[in-house]
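Source file: protein_2.tsv; contents: TSV, C-alpha atoms.
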```tsv
chain	number	residue	atom	x	y	z
C	249	MET	CA	-29.88	-40.18	-15.74
C	250	SER	CA	-33.26	-39.22	-14.34
C	251	ALA	CA	-34.37	-37.30	-11.29
C	252	ARG	CA	-37.66	-36.39	-9.77
C	253	TRP	CA	-37.90	-32.62	-9.75
C	254	SER	CA	-40.05	-30.92	-7.16
C	255	ASN	CA	-43.19	-29.18	-8.35
C	256	TRP	CA	-42.20	-26.38	-6.00
C	257	TRP	CA	-38.74	-25.55	-7.41
C	258	TRP	CA	-39.87	-21.97	-7.93
C	259	LEU	CA	-40.13	-21.50	-4.15
C	260	GLN	CA	-36.39	-22.13	-3.75
C	261	ILE	CA	-35.69	-18.40	-3.64
C	262	TYR	CA	-32.09	-18.91	-2.56
C	263	LEU	CA	-31.40	-20.12	-6.14
C	264	ILE	CA	-32.81	-16.98	-7.79
C	265	PRO	CA	-29.37	-15.63	-8.84
C	266	ALA	CA	-28.75	-18.83	-10.80
C	267	TRP	CA	-32.14	-18.94	-12.53
C	268	SER	CA	-32.33	-18.67	-16.30
C	269	ALA	CA	-34.68	-16.30	-18.10
C	270	ASP	CA	-37.20	-19.12	-18.62
C	271	GLU	CA	-37.11	-20.01	-14.94
C	272	ARG	CA	-37.60	-16.38	-13.93
C	273	ARG	CA	-40.59	-16.03	-16.23
C	274	ALA	CA	-42.13	-19.24	-14.90
C	275	ALA	CA	-41.51	-18.21	-11.29
C	276	GLY	CA	-43.07	-14.84	-12.05
C	277	ALA	CA	-46.13	-16.57	-13.52
C	278	PHE	CA	-46.45	-18.70	-10.38
C	279	ALA	CA	-46.09	-15.67	-8.12
C	280	VAL	CA	-48.65	-13.58	-10.04
C	281	THR	CA	-51.13	-16.46	-10.03
C	282	LEU	CA	-50.68	-17.10	-6.32
C	283	LEU	CA	-50.98	-13.43	-5.40
C	284	ALA	CA	-54.05	-12.83	-7.57
C	285	ALA	CA	-55.84	-15.95	-6.30
C	286	PHE	CA	-54.99	-15.13	-2.69
C	287	LEU	CA	-56.14	-11.51	-2.90
C	288	PHE	CA	-59.37	-12.46	-4.64
C	289	MET	CA	-60.27	-15.17	-2.16
C	290	ALA	CA	-59.15	-13.17	0.89
C	291	SER	CA	-61.22	-10.17	-0.22
C	292	PHE	CA	-64.22	-12.37	-0.89
C	293	LEU	CA	-64.00	-14.08	2.50
C	294	THR	CA	-63.29	-10.85	4.38
C	295	PHE	CA	-66.40	-9.25	2.92
C	296	TYR	CA	-68.73	-12.11	3.80
C	297	ILE	CA	-67.24	-12.83	7.21
C	298	SER	CA	-67.42	-9.14	8.12
C	299	MET	CA	-71.16	-9.20	7.40
C	300	LEU	CA	-71.50	-11.53	10.38
C	301	LYS	CA	-70.12	-8.74	12.60
C	302	PHE	CA	-67.06	-10.57	13.85
C	303	GLU	CA	-64.20	-8.66	15.40
C	304	LEU	CA	-61.74	-7.35	12.81
C	305	TYR	CA	-58.86	-9.57	13.93
C	306	VAL	CA	-61.08	-12.65	13.77
C	307	THR	CA	-62.29	-11.74	10.28
C	308	LEU	CA	-58.78	-11.10	8.92
C	309	THR	CA	-57.24	-14.16	10.57
C	310	ALA	CA	-59.93	-16.50	9.23
C	311	ALA	CA	-59.88	-14.97	5.74
C	312	ILE	CA	-56.07	-15.08	5.42
C	313	ALA	CA	-55.71	-18.60	6.83
C	314	ILE	CA	-58.45	-20.11	4.66
C	315	SER	CA	-57.20	-18.30	1.56
C	316	LEU	CA	-53.63	-19.53	2.00
C	317	LEU	CA	-54.76	-23.10	2.60
C	318	ALA	CA	-56.88	-23.00	-0.55
C	319	THR	CA	-54.57	-21.19	-2.96
C	320	ILE	CA	-51.07	-22.53	-2.22
C	321	PRO	CA	-51.79	-26.22	-3.05
C	322	ASN	CA	-53.65	-25.22	-6.23
C	323	CYS	CA	-51.20	-22.59	-7.48
C	324	ARG	CA	-49.37	-24.86	-9.94
C	325	GLY	CA	-52.59	-26.13	-11.47
C	326	MET	CA	-53.96	-22.61	-11.96
C	327	ALA	CA	-50.69	-21.25	-13.35
C	328	SER	CA	-50.34	-24.20	-15.73
C	329	GLU	CA	-53.76	-23.44	-17.18
C	330	LEU	CA	-53.15	-19.69	-17.45
C	331	PHE	CA	-49.52	-19.81	-18.68
C	332	PRO	CA	-48.98	-23.36	-20.03
C	333	ASP	CA	-46.01	-22.57	-22.30
C	334	THR	CA	-44.24	-20.39	-19.75
C	335	ILE	CA	-44.53	-23.00	-17.00
C	336	LYS	CA	-43.42	-25.82	-19.30
C	337	GLU	CA	-40.35	-23.88	-20.47
C	338	GLY	CA	-39.47	-23.00	-16.86
C	339	ASP	CA	-39.68	-26.63	-15.78
C	340	GLU	CA	-37.56	-27.75	-18.71
C	341	ALA	CA	-34.95	-25.09	-17.99
C	342	ALA	CA	-34.76	-26.13	-14.36
C	343	ALA	CA	-34.27	-29.74	-15.48
C	344	ALA	CA	-31.59	-28.89	-18.04
C	345	LYS	CA	-29.59	-27.01	-15.42
C	346	VAL	CA	-28.91	-30.19	-13.46
C	347	ARG	CA	-28.63	-32.29	-16.63
C	348	CYS	CA	-31.48	-34.52	-15.59
C	349	THR	CA	-34.74	-35.66	-17.04
C	350	VAL	CA	-37.33	-34.25	-14.72
C	351	LEU	CA	-40.12	-36.66	-13.96
C	352	LEU	CA	-42.88	-34.42	-12.70
C	353	PRO	CA	-45.19	-36.61	-10.62
C	354	ASP	CA	-48.84	-36.77	-11.50
C	355	GLU	CA	-50.85	-34.28	-9.51
C	356	SER	CA	-53.32	-35.47	-6.92
C	357	PRO	CA	-56.97	-34.52	-7.35
C	358	GLY	CA	-56.91	-33.69	-3.65
C	359	LEU	CA	-60.30	-33.66	-1.98
C	360	TRP	CA	-62.00	-34.75	-5.19
C	361	TRP	CA	-65.09	-35.90	-3.31
C	362	ILE	CA	-65.90	-32.35	-2.18
C	363	ASP	CA	-65.81	-30.91	-5.71
C	364	TYR	CA	-69.40	-30.48	-6.88
C	365	ARG	CA	-68.69	-28.38	-9.96
C	366	SER	CA	-69.46	-31.31	-12.23
C	367	THR	CA	-70.47	-34.93	-11.79
C	368	TYR	CA	-70.14	-35.82	-15.47
C	369	GLY	CA	-67.94	-38.84	-15.99
C	370	ARG	CA	-67.87	-39.84	-12.34
C	371	SER	CA	-67.74	-43.56	-11.71
C	372	PRO	CA	-70.29	-45.35	-9.48
C	373	GLU	CA	-67.51	-45.87	-6.91
C	374	GLU	CA	-66.79	-42.14	-6.81
C	375	MET	CA	-70.45	-41.22	-6.43
C	376	PHE	CA	-70.94	-43.77	-3.64
C	377	THR	CA	-67.81	-42.64	-1.80
C	378	ARG	CA	-68.85	-39.00	-1.98
C	379	LYS	CA	-72.34	-39.65	-0.65
C	380	ALA	CA	-71.04	-41.93	2.11
C	381	ILE	CA	-68.54	-39.33	3.33
C	382	PHE	CA	-71.18	-36.63	3.50
C	383	CYS	CA	-73.76	-38.89	5.14
C	384	ILE	CA	-71.27	-39.76	7.88
C	385	ALA	CA	-69.70	-36.31	8.24
C	386	LEU	CA	-72.83	-34.23	8.66
C	387	PRO	CA	-74.30	-36.15	11.64
C	388	THR	CA	-70.80	-36.20	13.14
C	389	CYS	CA	-70.58	-32.39	12.97
C	390	PHE	CA	-74.04	-31.65	14.35
C	391	PRO	CA	-73.47	-32.49	18.06
C	392	GLY	CA	-70.27	-30.44	18.14
C	393	LEU	CA	-71.96	-27.45	16.49
C	394	ILE	CA	-74.61	-27.52	19.22
C	395	PHE	CA	-72.32	-28.23	22.17
C	396	PHE	CA	-69.21	-26.10	21.67
C	397	PRO	CA	-70.37	-22.49	20.91
C	398	PRO	CA	-71.96	-21.80	24.32
C	399	HIS	CA	-69.07	-23.50	26.11
C	400	LEU	CA	-66.46	-21.52	24.18
C	401	MET	CA	-68.26	-18.34	25.19
C	402	ALA	CA	-68.00	-19.36	28.84
C	403	TRP	CA	-64.48	-20.79	28.75
C	404	PHE	CA	-62.73	-18.05	26.74
C	405	ASP	CA	-65.07	-15.09	27.23
C	406	VAL	CA	-65.60	-14.56	23.49
C	407	GLY	CA	-68.63	-13.34	21.62
C	408	LYS	CA	-71.34	-15.55	20.19
C	409	ARG	CA	-70.31	-15.02	16.57
C	410	THR	CA	-66.66	-15.68	17.33
C	411	SER	CA	-67.47	-18.92	19.11
C	412	ILE	CA	-69.67	-20.05	16.20
C	413	LEU	CA	-66.95	-19.28	13.63
C	414	ALA	CA	-64.27	-21.05	15.72
C	415	THR	CA	-66.52	-24.08	16.03
C	416	LEU	CA	-67.25	-24.20	12.29
C	417	VAL	CA	-63.56	-23.86	11.37
C	418	THR	CA	-62.59	-26.77	13.63
C	419	ILE	CA	-65.60	-29.09	13.75
C	420	VAL	CA	-66.54	-29.18	10.06
C	421	PRO	CA	-63.08	-30.25	8.75
C	422	LEU	CA	-62.85	-32.76	11.60
C	423	GLY	CA	-66.26	-34.17	10.69
C	424	PHE	CA	-65.27	-34.68	7.06
C	425	PHE	CA	-61.94	-36.19	8.12
C	426	ILE	CA	-63.82	-38.71	10.27
C	427	GLY	CA	-66.30	-39.32	7.47
C	428	ARG	CA	-63.52	-40.06	5.01
C	429	LYS	CA	-61.72	-42.39	7.44
C	430	LEU	CA	-64.87	-44.32	8.37
C	431	THR	CA	-65.91	-44.64	4.73
C	432	ALA	CA	-62.48	-46.05	3.83
C	433	TRP	CA	-62.67	-48.42	6.80
C	434	MET	CA	-66.15	-49.73	6.00
C	435	TRP	CA	-65.79	-49.93	2.20
C	436	PRO	CA	-62.02	-50.11	1.53
C	437	ASP	CA	-62.24	-51.62	-1.97
C	438	VAL	CA	-64.84	-49.11	-3.15
C	439	VAL	CA	-62.90	-46.13	-1.81
C	440	ARG	CA	-59.64	-47.40	-3.29
C	441	LYS	CA	-61.22	-47.76	-6.74
C	442	ALA	CA	-62.85	-44.33	-6.40
C	443	ASP	CA	-59.50	-42.71	-5.57
C	444	GLU	CA	-57.76	-44.47	-8.46
C	445	LYS	CA	-60.41	-43.41	-10.98
C	446	ALA	CA	-60.50	-39.82	-9.72
C	447	PHE	CA	-56.68	-39.66	-9.90
C	448	ALA	CA	-56.57	-41.13	-13.41
C	449	ARG	CA	-59.29	-38.86	-14.79
C	450	PHE	CA	-57.75	-35.75	-13.23
C	451	ASN	CA	-54.30	-36.37	-14.68
C	452	HIS	CA	-55.68	-37.43	-18.06
C	453	ARG	CA	-57.45	-34.07	-18.28
C	454	LYS	CA	-54.28	-32.21	-17.25
C	455	HIS	CA	-52.17	-34.03	-19.86
C	456	MET	CA	-54.76	-33.35	-22.58
C	457	GLN	CA	-54.68	-29.63	-21.75
C	458	GLN	CA	-50.88	-29.55	-21.88
C	459	ASP	CA	-50.77	-31.38	-25.21
```

Could the structure of this file be written out as structure tokens, please?
Amino acid sequence: MSARWSNWWWLQIYLIPAWSADERRAAGAFAVTLLAAFLFMASFLTFYISMLKFELYVTLTAAIAISLLATIPNCRGMASELFPDTIKEGDEAAAAKVRCTVLLPDESPGLWWIDYRSTYGRSPEEMFTRKAIFCIALPTCFPGLIFFPPHLMAWFDVGKRTSILATLVTIVPLGFFIGRKLTAWMWPDVVRKADEKAFARFNHRKHMQQD
């Protein structure tokens, strides 16, 4: 018998009384990783956003929201690298409890095209897709960045810095979303191959680290 076990079993806090020691250790590793990553990123963002002289509530809201969006989806990957044995034992214990073989799905590379830490090993399709998305997204963002700040100041009676931050938080992700969609529409085969190669390389690296 086989079952697909959720990567997020450790968030099922209502099952804590039934957790084994291995599951508790793994859940603790996840929690420590998530808390440390969140506090680091929130502190970093709060410091730099505060330098722009935004109101305190704007600074804290933006820092907390961005930090949560960035750290929660990446928590398992970070914890698996920091505590590989603990996470593996916790997953296996959770599987044994229900007498199933847990088939953990391959992890998605997410927004792989925005990761500029390294371009080594990237395929031509990945490089083309990345450049196309940025070339479409940036001109798409520019009119909104010019148009909305002064209008937000007039419509909602907010300060200049607040209107600029609100515009950046909304317009920039929207621009990249449009860029990704248009790129996939204009070059569907290239984007599909780029996604497949990014997915395969990402999971190959994760499996090599676990082995």

**Study point:** Exercise: Leu282 (chain C) partners within 12 Å, all atoms listed in the file, chain neighbours under 3 positions left out, as a ChimeraX atom specification
**Key:** /C:258-259,275-279,285-290,315-328,330

**Study point:** Contacts of Phe425 (chain C) within 12 Å, all atoms listed in the file, excl. fewer than 6 positions in-chain, as a ChimeraX atom specification
**Key:** /C:359,361-362,381-382,384-386,388-389,418-419,431-432

Write a file of the selected residues as a PDB file, keeping the file's coordinate frame, keeping C-alpha atoms.
```
ATOM      1  CA  LEU C 359     -60.300 -33.660  -1.980  1.00  0.00           C
ATOM      2  CA  TRP C 361     -65.090 -35.900  -3.310  1.00  0.00           C
ATOM      3  CA  ILE C 362     -65.900 -32.350  -2.180  1.00  0.00           C
ATOM      4  CA  ILE C 381     -68.540 -39.330   3.330  1.00  0.00           C
ATOM      5  CA  PHE C 382     -71.180 -36.630   3.500  1.00  0.00           C
ATOM      6  CA  ILE C 384     -71.270 -39.760   7.880  1.00  0.00           C
ATOM      7  CA  ALA C 385     -69.700 -36.310   8.240  1.00  0.00           C
ATOM      8  CA  LEU C 386     -72.830 -34.230   8.660  1.00  0.00           C
ATOM      9  CA  THR C 388     -70.800 -36.200  13.140  1.00  0.00           C
ATOM     10  CA  CYS C 389     -70.580 -32.390  12.970  1.00  0.00           C
ATOM     11  CA  THR C 418     -62.590 -26.770  13.630  1.00  0.00           C
ATOM     12  CA  ILE C 419     -65.600 -29.090  13.750  1.00  0.00           C
ATOM     13  CA  THR C 431     -65.910 -44.640   4.730  1.00  0.00           C
ATOM     14  CA  ALA C 432     -62.480 -46.050   3.830  1.00  0.00           C
TER      15      ALA C 432
END
```

Review point. Excluding same-chain residues fewer than 5 positions from Trp267 (chain C), what lies within 9 Å of it counting all atoms listed in the file, as a list in words?
Key: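 Residues meeting the cut-off are Arg272, Ala341, Ala342 and Lys345 of chain C.
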
Mind dumping the selected residues with C-alpha atoms as a CSV table (one decimal), in the coordinates of the input?
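Output below, filename result.csv:
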```csv
chain,number,residue,atom,x,y,z
C,272,ARG,CA,-37.6,-16.4,-13.9
C,341,ALA,CA,-35.0,-25.1,-18.0
C,342,ALA,CA,-34.8,-26.1,-14.4
C,345,LYS,CA,-29.6,-27.0,-15.4
```

Exercise for review: Mind checking which residues fall within 9 Å of Glu337 (chain C), counting all atoms listed in the file, ignoring those fewer than 3 positions away in the same chain, and posting them as a PyMOL selection string?
Suggested key: chain C and resi 270-271+273-274+332-334+340-342

Review point. When you draw a straight line from CA of Tyr262 (chain C) to CA of Thr309 (chain C), how long is it in Å?
Key: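 Those two atoms sit 28.8 Å apart.
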
Exercise for review: Give me, please, the distance in Å between CA of Glu374 (chain C) and CA of Pro391 (chain C), quoted to one decimal.
Suggested key: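 Computing the Euclidean distance for CA of Glu374 (chain C) and CA of Pro391 (chain C) yields 27.5 Å.
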
Point to revise | Computed interatomic separation between CA of Met434 (chain C) and CA of Ala448 (chain C) (Å) | key: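 Taking CA of Met434 (chain C) as the start and CA of Ala448 (chain C) as the end point, the length is 23.3 Å.
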